[in-house]
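Here is structure_37.txt, consisting of compact mmCIF, C-alpha atoms and all ligand atoms:
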```txt
# COMPACT_ATOMS: atom_id res chain seq x y z
CA MET A 1474 121.80 94.58 137.08
CA SER A 1475 119.33 96.02 134.62
CA GLU A 1476 115.88 94.51 134.34
CA LYS A 1477 115.11 92.23 131.41
CA MET A 1478 112.25 91.97 128.94
CA LYS A 1479 111.15 89.50 126.30
CA VAL A 1480 110.93 90.31 122.61
CA VAL A 1481 109.76 88.35 119.57
CA ALA A 1482 112.61 88.81 117.09
CA ILE A 1483 113.04 87.31 113.65
CA THR A 1484 116.42 85.62 113.32
CA GLY A 1485 116.05 84.19 109.81
CA ALA A 1486 113.43 83.17 107.25
CA LYS A 1487 110.39 81.75 109.09
CA LYS A 1488 112.22 81.98 112.40
CA PRO A 1489 110.57 84.12 115.05
CA GLU A 1490 112.22 83.60 118.43
CA ILE A 1491 111.58 84.84 121.93
CA MET A 1492 114.75 86.52 123.17
CA GLU A 1493 115.63 88.30 126.39
CA VAL A 1494 117.22 91.75 126.31
CA ASP A 1495 117.69 94.65 128.71
CA ARG A 1496 114.49 96.53 129.42
CA PRO A 1497 114.90 100.14 128.20
CA VAL A 1498 115.00 102.87 130.84
CA PRO A 1499 113.20 106.16 130.07
CA GLY A 1500 115.22 109.38 130.14
CA PRO A 1501 113.75 112.52 131.76
CA ASP A 1502 112.04 113.46 128.44
CA GLN A 1503 110.69 110.00 127.67
CA VAL A 1504 107.82 107.69 128.52
CA LEU A 1505 108.05 103.95 129.22
CA VAL A 1506 105.20 101.91 127.74
CA LYS A 1507 104.31 98.32 128.59
CA ILE A 1508 103.17 96.96 125.24
CA ASP A 1509 99.91 94.99 125.37
CA GLY A 1510 99.84 93.79 121.78
CA THR A 1511 101.15 94.53 118.31
CA ALA A 1512 99.69 93.63 114.92
CA ILE A 1513 101.68 91.96 112.15
CA CYS A 1514 101.87 94.17 109.03
CA THR A 1515 103.30 93.64 105.55
CA TRP A 1516 106.80 94.76 106.52
CA GLU A 1517 107.06 92.11 109.22
CA GLN A 1518 105.48 89.49 106.97
CA ARG A 1519 108.06 90.15 104.25
CA VAL A 1520 110.97 89.81 106.66
CA TYR A 1521 109.40 86.69 108.20
CA VAL A 1522 109.03 85.02 104.78
CA THR A 1523 112.34 86.11 103.22
CA GLY A 1524 114.65 86.57 106.22
CA LYS A 1525 115.96 89.62 104.35
CA PHE A 1526 116.87 92.43 106.77
CA LYS A 1527 119.57 93.05 109.31
CA MET A 1528 119.17 90.36 111.96
CA PRO A 1529 117.88 90.00 114.56
CA PHE A 1530 114.92 91.96 113.19
CA LEU A 1531 112.59 93.37 115.83
CA GLY A 1532 109.41 94.23 113.92
CA GLY A 1533 106.13 95.66 115.10
CA HIS A 1534 104.85 99.17 114.39
CA GLU A 1535 101.09 98.79 115.01
CA VAL A 1536 101.31 98.99 118.76
CA VAL A 1537 99.01 99.35 121.78
CA GLY A 1538 100.25 99.54 125.35
CA HIS A 1539 99.82 101.38 128.59
CA VAL A 1540 101.91 104.02 130.26
CA VAL A 1541 104.03 102.68 133.15
CA GLU A 1542 106.50 105.47 133.78
CA MET A 1543 106.92 109.10 132.76
CA GLY A 1544 110.27 110.86 132.83
CA SER A 1545 110.63 113.72 135.31
CA LYS A 1546 110.47 116.37 132.58
CA VAL A 1547 107.40 115.02 130.75
CA ARG A 1548 104.66 117.63 131.13
CA THR A 1549 101.73 116.28 129.10
CA LYS A 1550 98.17 116.33 130.43
CA GLU A 1551 96.94 114.18 127.54
CA TYR A 1552 97.55 110.88 129.37
CA LYS A 1553 98.87 109.58 132.68
CA VAL A 1554 100.44 106.45 134.15
CA GLY A 1555 98.04 103.54 133.69
CA ASP A 1556 96.34 104.92 130.57
CA ARG A 1557 96.05 102.77 127.49
CA VAL A 1558 97.72 104.37 124.50
CA ALA A 1559 98.33 103.91 120.80
CA VAL A 1560 102.05 104.14 120.11
CA SER A 1561 103.77 105.56 117.05
CA VAL A 1562 107.13 103.80 117.05
CA ILE A 1563 108.74 105.19 113.90
CA SER A 1564 111.23 107.79 115.04
CA THR A 1565 111.54 111.19 113.40
CA CYS A 1566 114.40 113.66 113.80
CA GLY A 1567 112.27 116.78 114.36
CA THR A 1568 114.87 119.02 112.74
CA CYS A 1569 115.10 118.15 109.03
CA TYR A 1570 113.47 120.18 106.25
CA TYR A 1571 110.34 117.94 106.21
CA CYS A 1572 109.93 117.64 109.98
CA ARG A 1573 110.11 121.43 110.23
CA ARG A 1574 107.31 121.71 107.68
CA GLY A 1575 105.09 119.35 109.67
CA GLU A 1576 105.54 116.55 107.10
CA GLU A 1577 107.51 114.29 109.42
CA ASN A 1578 106.35 111.13 107.63
CA LEU A 1579 108.92 112.21 105.02
CA CYS A 1580 111.69 112.72 107.61
CA VAL A 1581 115.12 112.10 106.09
CA ASP A 1582 116.15 110.13 109.16
CA SER A 1583 112.96 108.30 110.14
CA TYR A 1584 114.34 104.78 110.18
CA ALA A 1585 117.60 105.58 111.91
CA ASN A 1586 118.54 103.83 115.13
CA LEU A 1587 115.30 101.91 115.46
CA SER A 1588 115.78 99.40 118.29
CA GLU A 1589 119.55 99.77 118.13
CA ASP A 1590 119.45 100.69 121.83
CA ILE A 1591 118.69 97.02 122.50
CA GLY A 1592 121.02 95.64 119.83
CA MET A 1593 118.35 94.88 117.23
CA PHE A 1594 116.99 96.34 113.99
CA GLY A 1595 113.43 97.37 113.21
CA PRO A 1596 110.60 99.38 114.75
CA GLY A 1597 110.60 97.37 117.97
CA GLY A 1598 106.90 96.80 118.68
CA PHE A 1599 107.21 93.07 119.35
CA ALA A 1600 108.71 93.74 122.76
CA GLU A 1601 107.27 93.89 126.25
CA TYR A 1602 108.43 97.48 126.72
CA LYS A 1603 109.27 100.48 124.59
CA VAL A 1604 110.59 103.94 125.41
CA VAL A 1605 109.18 106.78 123.29
CA PRO A 1606 109.03 110.59 123.29
CA PRO A 1607 105.73 111.89 124.75
CA ASN A 1608 104.38 113.18 121.42
CA LYS A 1609 104.29 109.62 120.04
CA LEU A 1610 101.49 108.45 122.34
CA TRP A 1611 97.72 108.92 122.05
CA LYS A 1612 95.24 107.99 124.77
CA LEU A 1613 92.71 105.35 123.78
CA ASN A 1614 89.23 105.42 125.29
CA ASP A 1615 88.68 102.97 128.14
CA ASP A 1616 85.67 101.44 126.38
CA LEU A 1617 87.52 100.86 123.10
CA PRO A 1618 88.53 97.17 122.84
CA TRP A 1619 92.32 97.29 123.16
CA GLU A 1620 92.81 95.22 120.01
CA TYR A 1621 91.13 97.97 117.96
CA GLY A 1622 93.85 100.36 119.09
CA THR A 1623 96.40 98.46 116.98
CA PHE A 1624 94.56 99.84 113.93
CA SER A 1625 95.66 103.39 114.80
CA GLU A 1626 98.85 103.17 112.76
CA PRO A 1627 97.44 101.59 109.56
CA LEU A 1628 94.40 103.86 109.73
CA ALA A 1629 96.75 106.84 110.18
CA CYS A 1630 98.59 105.85 106.98
CA VAL A 1631 95.23 105.74 105.22
CA CYS A 1632 94.13 109.13 106.63
CA ASN A 1633 97.33 110.63 105.22
CA SER A 1634 96.55 109.07 101.84
CA VAL A 1635 92.92 110.25 101.87
CA LYS A 1636 94.06 113.77 102.70
CA LYS A 1637 96.23 113.78 99.55
CA ALA A 1638 93.20 112.74 97.49
CA ASP A 1639 91.09 115.69 98.65
CA ILE A 1640 87.79 113.81 98.34
CA GLN A 1641 84.71 115.98 97.75
CA LEU A 1642 81.08 115.08 98.55
CA GLY A 1643 79.66 112.86 95.84
CA ASP A 1644 83.04 112.02 94.27
CA ASP A 1645 83.58 108.67 92.62
CA VAL A 1646 86.46 106.93 94.38
CA VAL A 1647 88.05 103.74 93.11
CA VAL A 1648 89.96 101.61 95.59
CA ILE A 1649 92.14 98.99 93.94
CA GLY A 1650 92.67 96.01 96.23
CA GLY A 1651 90.53 94.71 99.09
CA GLY A 1652 93.24 93.89 101.62
CA ILE A 1653 93.23 95.67 104.94
CA MET A 1654 94.55 98.92 103.47
CA GLY A 1655 91.98 98.81 100.66
CA MET A 1656 89.19 98.24 103.19
CA LEU A 1657 90.33 101.14 105.36
CA HIS A 1658 90.57 103.42 102.30
CA MET A 1659 87.03 102.39 101.38
CA MET A 1660 85.69 103.07 104.89
CA VAL A 1661 87.37 106.48 105.25
CA SER A 1662 86.29 107.51 101.71
CA LYS A 1663 82.70 106.65 102.64
CA LEU A 1664 83.02 108.93 105.67
CA ARG A 1665 84.16 111.67 103.30
CA GLY A 1666 80.93 111.34 101.34
CA ALA A 1667 82.14 109.47 98.26
CA ARG A 1668 80.66 106.69 96.18
CA VAL A 1669 83.26 103.94 96.47
CA ILE A 1670 84.00 101.39 93.78
CA MET A 1671 86.35 98.56 94.73
CA SER A 1672 88.38 96.49 92.28
CA GLU A 1673 89.29 93.15 93.86
CA ILE A 1674 89.72 89.67 92.38
CA ASP A 1675 88.69 87.73 95.50
CA GLU A 1676 84.96 87.21 95.97
CA THR A 1677 85.08 86.90 99.78
CA ARG A 1678 86.89 90.23 100.01
CA ARG A 1679 84.40 91.85 97.62
CA ASN A 1680 81.53 90.63 99.75
CA LEU A 1681 83.16 91.95 102.92
CA ALA A 1682 83.70 95.33 101.25
CA LEU A 1683 80.00 95.50 100.33
CA GLU A 1684 79.06 94.49 103.88
CA LEU A 1685 81.24 97.31 105.22
CA GLY A 1686 79.53 99.92 103.06
CA CYS A 1687 81.30 99.83 99.70
CA ASP A 1688 78.88 100.83 96.93
CA ILE A 1689 80.18 98.70 94.06
CA ALA A 1690 82.74 95.87 94.06
CA PHE A 1691 83.88 94.24 90.83
CA ASN A 1692 86.34 91.61 89.67
CA PRO A 1693 88.97 93.19 87.34
CA LYS A 1694 89.55 89.74 85.79
CA ASP A 1695 85.97 89.68 84.53
CA CYS A 1696 86.14 92.92 82.56
CA ASP A 1697 88.32 95.71 81.23
CA ALA A 1698 88.68 97.50 84.57
CA VAL A 1699 89.45 100.93 83.07
CA ALA A 1700 86.51 100.74 80.65
CA TYR A 1701 84.22 99.56 83.46
CA VAL A 1702 85.14 102.49 85.71
CA LYS A 1703 84.51 104.89 82.81
CA GLU A 1704 81.16 103.24 82.17
CA LEU A 1705 80.19 103.74 85.84
CA THR A 1706 81.18 107.41 85.69
CA GLU A 1707 79.41 108.52 82.49
CA GLY A 1708 82.63 108.15 80.53
CA ARG A 1709 84.61 110.58 82.70
CA GLY A 1710 86.74 108.28 84.83
CA ALA A 1711 87.02 108.41 88.61
CA ASP A 1712 87.62 111.53 90.68
CA VAL A 1713 90.02 109.63 92.92
CA VAL A 1714 91.91 106.34 92.54
CA PHE A 1715 93.80 104.68 95.38
CA ASP A 1716 96.10 101.84 94.35
CA THR A 1717 96.75 99.60 97.35
CA THR A 1718 98.26 96.74 95.31
CA THR A 1719 101.83 96.12 94.18
CA PRO A 1720 101.91 95.15 90.43
CA PRO A 1721 103.29 97.87 88.11
CA ALA A 1722 100.61 97.08 85.49
CA VAL A 1723 97.91 97.92 88.02
CA ALA A 1724 99.62 101.23 88.83
CA ALA A 1725 99.38 102.10 85.12
CA GLN A 1726 95.70 101.17 85.14
CA ALA A 1727 95.13 103.36 88.20
CA ILE A 1728 96.33 106.39 86.25
CA ASP A 1729 94.11 105.50 83.28
CA MET A 1730 91.04 105.07 85.53
CA ALA A 1731 91.16 108.67 86.74
CA GLY A 1732 89.25 111.29 84.78
CA LYS A 1733 90.01 114.98 84.21
CA LEU A 1734 91.09 116.66 87.46
CA GLY A 1735 91.36 113.17 89.01
CA ARG A 1736 93.73 112.44 91.88
CA VAL A 1737 95.67 109.18 91.82
CA VAL A 1738 97.41 108.02 94.98
CA MET A 1739 100.05 105.29 94.82
CA TYR A 1740 99.52 104.02 98.32
CA SER A 1741 101.38 100.73 98.11
CA SER A 1742 104.98 100.23 97.08
CA VAL A 1743 105.23 98.88 93.53
CA ILE A 1744 106.84 95.44 93.28
CA PRO A 1745 108.86 94.74 91.20
CA ALA A 1746 109.91 98.40 91.02
CA ASP A 1747 109.61 98.54 87.22
CA PRO A 1748 108.80 101.79 85.44
CA ILE A 1749 105.32 102.03 83.92
CA PRO A 1750 104.31 103.59 80.59
CA PHE A 1751 103.40 107.18 81.15
CA ASP A 1752 101.61 109.56 78.79
CA ALA A 1753 102.64 113.07 79.80
CA ASN A 1754 100.32 114.51 77.18
CA ALA A 1755 97.34 112.87 78.88
CA LEU A 1756 98.32 114.69 82.07
CA HIS A 1757 98.64 117.93 80.16
CA SER A 1758 95.14 117.70 78.77
CA SER A 1759 93.41 116.26 81.85
CA GLU A 1760 95.06 118.11 84.74
CA LYS A 1761 95.21 114.82 86.64
CA ILE A 1762 97.33 114.71 89.76
CA ILE A 1763 99.45 111.64 90.43
CA THR A 1764 100.92 111.38 93.87
CA GLY A 1765 101.86 108.87 96.55
CA SER A 1766 101.45 108.42 100.25
CA VAL A 1767 103.83 106.92 102.76
CA SER A 1768 103.61 106.42 106.52
CA PRO A 1769 101.48 108.46 108.89
CA SER A 1770 102.07 112.06 109.92
CA ILE A 1771 101.50 113.19 113.50
CA GLN A 1772 98.32 114.84 112.25
CA SER A 1773 96.98 111.74 110.51
CA PHE A 1774 97.79 109.62 113.58
CA ASP A 1775 95.72 112.04 115.61
CA THR A 1776 92.85 111.77 113.13
CA ALA A 1777 93.00 107.97 113.16
CA VAL A 1778 92.81 107.75 116.96
CA ARG A 1779 89.78 110.10 116.93
CA LEU A 1780 88.04 107.94 114.33
CA LEU A 1781 88.60 104.82 116.46
CA ASN A 1782 87.85 106.40 119.83
CA LYS A 1783 84.55 107.82 118.54
CA GLY A 1784 83.54 104.58 116.83
CA LEU A 1785 83.43 106.31 113.43
CA ILE A 1786 85.62 103.54 112.05
CA ASN A 1787 84.98 100.08 113.49
CA PRO A 1788 87.77 97.66 112.58
CA LYS A 1789 86.07 94.58 114.11
CA LYS A 1790 85.69 92.69 110.81
CA LEU A 1791 89.33 93.36 109.90
CA LEU A 1792 90.67 91.74 113.07
CA HIS A 1793 91.34 88.05 112.51
CA SER A 1794 92.96 86.67 115.66
CA VAL A 1795 95.17 87.30 118.69
CA PHE A 1796 98.08 85.01 119.62
CA GLU A 1797 100.31 84.71 122.70
CA LYS A 1798 103.95 85.54 121.97
CA GLU A 1799 104.90 81.90 122.61
CA ASP A 1800 102.79 81.06 119.53
CA ALA A 1801 104.55 83.56 117.27
CA VAL A 1802 105.16 81.01 114.49
CA GLU A 1803 101.45 80.27 114.28
CA ALA A 1804 100.70 83.99 114.41
CA PHE A 1805 103.01 84.78 111.47
CA GLU A 1806 101.78 81.78 109.49
CA THR A 1807 98.17 82.89 110.03
CA SER A 1808 98.99 86.47 109.04
CA ILE A 1809 100.44 85.49 105.65
CA ARG A 1810 97.36 83.50 104.63
CA PRO A 1811 95.48 85.39 101.89
CA ASP A 1812 92.16 84.92 103.69
CA THR A 1813 93.15 86.69 106.92
CA TYR A 1814 93.24 90.35 107.85
CA ARG A 1815 95.02 91.58 110.99
CA VAL A 1816 96.71 89.17 113.38
CA ILE A 1817 97.93 90.46 116.74
CA ILE A 1818 100.68 89.13 119.02
CA LYS A 1819 100.09 89.71 122.73
CA LEU A 1820 103.18 90.82 124.64
ZN ZN A 1901 101.68 98.81 109.14
ZN ZN A 1902 113.21 114.75 110.23
```
Can the structure in the file be given as structure tokens, please?
Ligand SMILES: [Zn+2]
Ligand SMILES: [Zn+2]
Amino acid sequence: MSEKMKVVAITGAKKPEIMEVDRPVPGPDQVLVKIDGTAICTWEQRVYVTGKFKMPFLGGHEVVGHVVEMGSKVRTKEYKVGDRVAVSVISTCGTCYYCRRGEENLCVDSYANLSEDIGMFGPGGFAEYKVVPPNKLWKLNDDLPWEYGTFSEPLACVCNSVKKADIQLGDDVVVIGGGIMGMLHMMVSKLRGARVIMSEIDETRRNLALELGCDIAFNPKDCDAVAYVKELTEGRGADVVFDTTTPPAVAAQAIDMAGKLGRVVMYSSVIPADPIPFDANALHSSEKIITGSVSPSIQSFDTAVRLLNKGLINPKKLLHSVFEKEDAVEAFETSIRPDTYRVIIKL
């Protein structure tokens, strides 16, 4: 008889359920992690609200746990049994063109077989246990509050995005959107020595951004956002623009906000996925770079854990609440409120 574990799976719209499945057993090259808690991100929120995914959906990719067992062939000295670790749960093949180039966030097979070992679909963080390869774990400092460790994954996504933007000292950086991803972009851009301008319609979020070190926060409903950014930058436009929101019209604005040599990063997915008007001639004459950013790389995950472990990024104000798994409905409902940032489910 194999041992069992509990998971919080979504079985339909607004239906998170605690289910019992076989506890995974680590192979000789794998590590077994007891998950302490996992934060609810946009992916899980969307499936919770719409019920649209293969069911049962086992979400959860912002994961903290501790090491309980290491396979006989695991050789790492980076952590040991009992250590608290941040967990990267998205699998990568290690052999495709992109993995071989060290860009494994673009792996052609990254979402394959997630949680299928336990008969479910999704990244699998809302479970009591998870088996992972050793290179997907990072030791968290003992004095770091464990809840902060759940920010490793979202912060890693942001570090990947900031790397694409190549921020220079004194650059003007516009962050569109003051949700959690916007806030993290703002905080990391400040560390890179930029002046950060946030565009956000909600006053509470603007005030929090300013409290966390943002230089200027404005309401794009009160002005012509593109003209305002140009006014703030002596008519040039921004050096870097991060769009962390979904509307296509805002993506078009993001491109217009950037000045000559500007870098524009489409961080969020665009919903609905409509094409936006695009002036190729403006690119020709400005040498702007338009790019995107998706998921964390191994390198950006490493950077994110360093930033958290050293206290260089403190996510305290972005952590809203922690719920027991038995209260998963309340946890999901809280997470989809516009006034909350991260909500964690304890496992
Ligand atoms: Zn996430
Ligand atoms: Zn790959």
Given 6 Å and only C-alpha atoms and all ligand atoms, residues near ligand ZN 1901 (chain A) as a PDB file with C-alpha atoms, keeping the file's coordinate frame:
```pdb
ATOM      1  CA  CYS A1514     101.870  94.170 109.030  1.00  0.00           C
ATOM      2  CA  GLU A1535     101.090  98.790 115.010  1.00  0.00           C
ATOM      3  CA  PRO A1627      97.440 101.590 109.560  1.00  0.00           C
TER       4      PRO A1627
END
```
Surroundings of ligand ZN 1902 (chain A) up to 9 Å, based on only C-alpha atoms and all ligand atoms, as a ChimeraX atom specification: /A:1564-1573,1576-1583
For Pro1788 of chain A, the nearest of the candidates A:Leu1617, A:Ala1698, A:Ala1725, A:Val1480, counting all atoms listed in the file: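 Smallest separation from Pro1788 of chain A among the options: A:Leu1617.
As for atom CA of Gly1598 of chain A and atom CA of His1658 of chain A, they are spaced 24.1 Å apart.
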Nearest to Gln1518 of chain A, chosen from A:Ile1483, A:Ala1777, A:Ile1749, A:Val1699, with only C-alpha atoms counted in the distances: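 Using only C-alpha atoms, Gln1518 of chain A sits closest to A:Ile1483.
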Among listed residues A:Asp1812, A:Asp1752, A:Glu1676, A:Asp1712, nearest Met1730 of chain A (using all atoms listed in the file):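 Of A:Asp1812, A:Asp1752, A:Glu1676, A:Asp1712, the one nearest Met1730 of chain A, counting all atoms listed in the file, is A:Asp1712.
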Would you write out, as CSV, a table of all residues in segment 1550-1664 of chain A that have an atom no more than 8 Å from an atom of segment 1736-1747 of chain A, listing for each the closest atom pair and the distance in Å to one decimal, considering all atoms listed in the file and ordering rows by chain and rising residue number?
```
residue,atom,partner,partner_atom,distance
A:Ser1634,CA,A:Tyr1740,CA,6.8
A:Lys1637,CA,A:Val1738,CA,7.4
A:Ala1638,CA,A:Arg1736,CA,5.6
A:Asp1639,CA,A:Arg1736,CA,8.0
```
Hey, can you spit out that residue selection with C-alpha atoms as a PDB file, keeping the file's coordinate frame?
```
ATOM      1  CA  SER A1634      96.550 109.070 101.840  1.00  0.00           C
ATOM      2  CA  LYS A1637      96.230 113.780  99.550  1.00  0.00           C
ATOM      3  CA  ALA A1638      93.200 112.740  97.490  1.00  0.00           C
ATOM      4  CA  ASP A1639      91.090 115.690  98.650  1.00  0.00           C
TER       5      ASP A1639
END
```
Neighbour list for Lys1603 of chain A as a PyMOL selection string, cut-off 12 Å, all atoms listed in the file, skip fewer than 4 positions in-chain: chain A and resi 1478-1480+1494-1499+1503-1511+1531+1533-1534+1536-1542+1560-1563+1587-1588+1590-1591+1596-1599+1607+1609-1610+1820
Point-to-point distance from atom CA of Arg1679 of chain A to atom CA of Ile1786 of chain A, Å rounded to tenths: 18.6 Å
Separation of atom CA of Gly1652 of chain A from atom CA of Thr1813 of chain A, in Å and rounded to one decimal: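 One can read the atom CA of Gly1652 of chain A to atom CA of Thr1813 of chain A distance as 8.9 Å.
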Enclose all atoms of segment 1543-1550 of chain A listed in the file in an axis-aligned box, grow every side by 8 Å, and hand back centre and edge lengths in Å to one decimal, as JSON.
```
{"center_x": 104.4, "center_y": 113.4, "center_z": 132.2, "size_x": 28.5, "size_y": 24.5, "size_z": 22.2}
```
Using all atoms listed in the file: which of A:Ile1817, A:Ile1491, A:Ala1512, A:Ile1649 has the shortest distance to Val1723 of chain A: A:Ile1649
For Pro1811 of chain A: contacts at 12 Å, all atoms listed in the file, fewer than 2 positions along chain excluded, given as a list of chain:residue names: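 The contact residues come out as A:Thr1515, A:Gln1518, A:Gly1651, A:Gly1652, A:Ile1653, A:Ile1674, A:Asp1675, A:Thr1677, A:Arg1678, A:His1793, A:Glu1806, A:Thr1807, A:Ser1808, A:Ile1809, A:Thr1813, A:Tyr1814, A:Arg1815.
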Since we have the selection now, will you write its residues out, keeping C-alpha atoms, as a PDB file, keeping the file's coordinate frame?
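Generated output (again35.pdb):
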```pdb
ATOM      1  CA  THR A1515     103.300  93.640 105.550  1.00  0.00           C
ATOM      2  CA  GLN A1518     105.480  89.490 106.970  1.00  0.00           C
ATOM      3  CA  GLY A1651      90.530  94.710  99.090  1.00  0.00           C
ATOM      4  CA  GLY A1652      93.240  93.890 101.620  1.00  0.00           C
ATOM      5  CA  ILE A1653      93.230  95.670 104.940  1.00  0.00           C
ATOM      6  CA  ILE A1674      89.720  89.670  92.380  1.00  0.00           C
ATOM      7  CA  ASP A1675      88.690  87.730  95.500  1.00  0.00           C
ATOM      8  CA  THR A1677      85.080  86.900  99.780  1.00  0.00           C
ATOM      9  CA  ARG A1678      86.890  90.230 100.010  1.00  0.00           C
ATOM     10  CA  HIS A1793      91.340  88.050 112.510  1.00  0.00           C
ATOM     11  CA  GLU A1806     101.780  81.780 109.490  1.00  0.00           C
ATOM     12  CA  THR A1807      98.170  82.890 110.030  1.00  0.00           C
ATOM     13  CA  SER A1808      98.990  86.470 109.040  1.00  0.00           C
ATOM     14  CA  ILE A1809     100.440  85.490 105.650  1.00  0.00           C
ATOM     15  CA  THR A1813      93.150  86.690 106.920  1.00  0.00           C
ATOM     16  CA  TYR A1814      93.240  90.350 107.850  1.00  0.00           C
ATOM     17  CA  ARG A1815      95.020  91.580 110.990  1.00  0.00           C
TER      18      ARG A1815
END
```
Closest of A:Phe1751, A:Tyr1521, A:Phe1715, A:Phe1805 to Val1646 of chain A - atom-to-atom distances counting only C-alpha atoms: A:Phe1715
Select segment 1592-1606 of chain A in the preceding structure and write N, CA and C atoms to a file as a PDB file, in the first residue's frame.
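Ended up saving to selection-v3.pdb:
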```pdb
ATOM      1  N   GLY A1592      -2.310  11.598 -11.660  1.00  0.00           N
ATOM      2  CA  GLY A1592      -3.618  11.589 -12.325  1.00  0.00           C
ATOM      3  C   GLY A1592      -4.294  12.940 -12.392  1.00  0.00           C
ATOM      4  N   MET A1593      -3.503  14.029 -12.318  1.00  0.00           N
ATOM      5  CA  MET A1593      -4.101  15.368 -12.381  1.00  0.00           C
ATOM      6  C   MET A1593      -3.359  16.218 -13.392  1.00  0.00           C
ATOM      7  N   PHE A1594      -3.819  17.458 -13.576  1.00  0.00           N
ATOM      8  CA  PHE A1594      -3.234  18.352 -14.573  1.00  0.00           C
ATOM      9  C   PHE A1594      -2.875  19.676 -13.911  1.00  0.00           C
ATOM     10  N   GLY A1595      -1.712  20.188 -14.210  1.00  0.00           N
ATOM     11  CA  GLY A1595      -1.289  21.463 -13.625  1.00  0.00           C
ATOM     12  C   GLY A1595       0.026  21.314 -12.891  1.00  0.00           C
ATOM     13  N   PRO A1596       0.568  22.442 -12.415  1.00  0.00           N
ATOM     14  CA  PRO A1596       1.917  22.431 -11.850  1.00  0.00           C
ATOM     15  C   PRO A1596       2.062  21.684 -10.526  1.00  0.00           C
ATOM     16  N   GLY A1597       0.972  21.499  -9.789  1.00  0.00           N
ATOM     17  CA  GLY A1597       1.023  20.551  -8.672  1.00  0.00           C
ATOM     18  C   GLY A1597       1.502  21.064  -7.330  1.00  0.00           C
ATOM     19  N   GLY A1598       1.511  22.401  -7.157  1.00  0.00           N
ATOM     20  CA  GLY A1598       1.992  22.958  -5.888  1.00  0.00           C
ATOM     21  C   GLY A1598       0.994  22.900  -4.742  1.00  0.00           C
ATOM     22  N   PHE A1599      -0.278  22.732  -5.042  1.00  0.00           N
ATOM     23  CA  PHE A1599      -1.267  22.640  -3.957  1.00  0.00           C
ATOM     24  C   PHE A1599      -1.407  21.194  -3.496  1.00  0.00           C
ATOM     25  N   ALA A1600      -0.278  20.633  -3.101  1.00  0.00           N
ATOM     26  CA  ALA A1600      -0.230  19.245  -2.640  1.00  0.00           C
ATOM     27  C   ALA A1600       0.673  19.193  -1.421  1.00  0.00           C
ATOM     28  N   GLU A1601       0.522  18.166  -0.613  1.00  0.00           N
ATOM     29  CA  GLU A1601       1.384  18.079   0.574  1.00  0.00           C
ATOM     30  C   GLU A1601       2.820  17.718   0.202  1.00  0.00           C
ATOM     31  N   TYR A1602       2.975  16.989  -0.899  1.00  0.00           N
ATOM     32  CA  TYR A1602       4.325  16.561  -1.304  1.00  0.00           C
ATOM     33  C   TYR A1602       4.517  16.758  -2.794  1.00  0.00           C
ATOM     34  N   LYS A1603       5.796  16.891  -3.171  1.00  0.00           N
ATOM     35  CA  LYS A1603       6.124  17.010  -4.593  1.00  0.00           C
ATOM     36  C   LYS A1603       7.522  16.420  -4.793  1.00  0.00           C
ATOM     37  N   VAL A1604       7.679  15.688  -5.877  1.00  0.00           N
ATOM     38  CA  VAL A1604       8.994  15.154  -6.238  1.00  0.00           C
ATOM     39  C   VAL A1604       9.560  16.014  -7.359  1.00  0.00           C
ATOM     40  N   VAL A1605      10.812  16.464  -7.195  1.00  0.00           N
ATOM     41  CA  VAL A1605      11.430  17.327  -8.211  1.00  0.00           C
ATOM     42  C   VAL A1605      12.886  16.916  -8.438  1.00  0.00           C
ATOM     43  N   PRO A1606      13.455  17.295  -9.589  1.00  0.00           N
ATOM     44  CA  PRO A1606      14.896  17.089  -9.789  1.00  0.00           C
ATOM     45  C   PRO A1606      15.667  18.051  -8.868  1.00  0.00           C
TER      46      PRO A1606
END
```
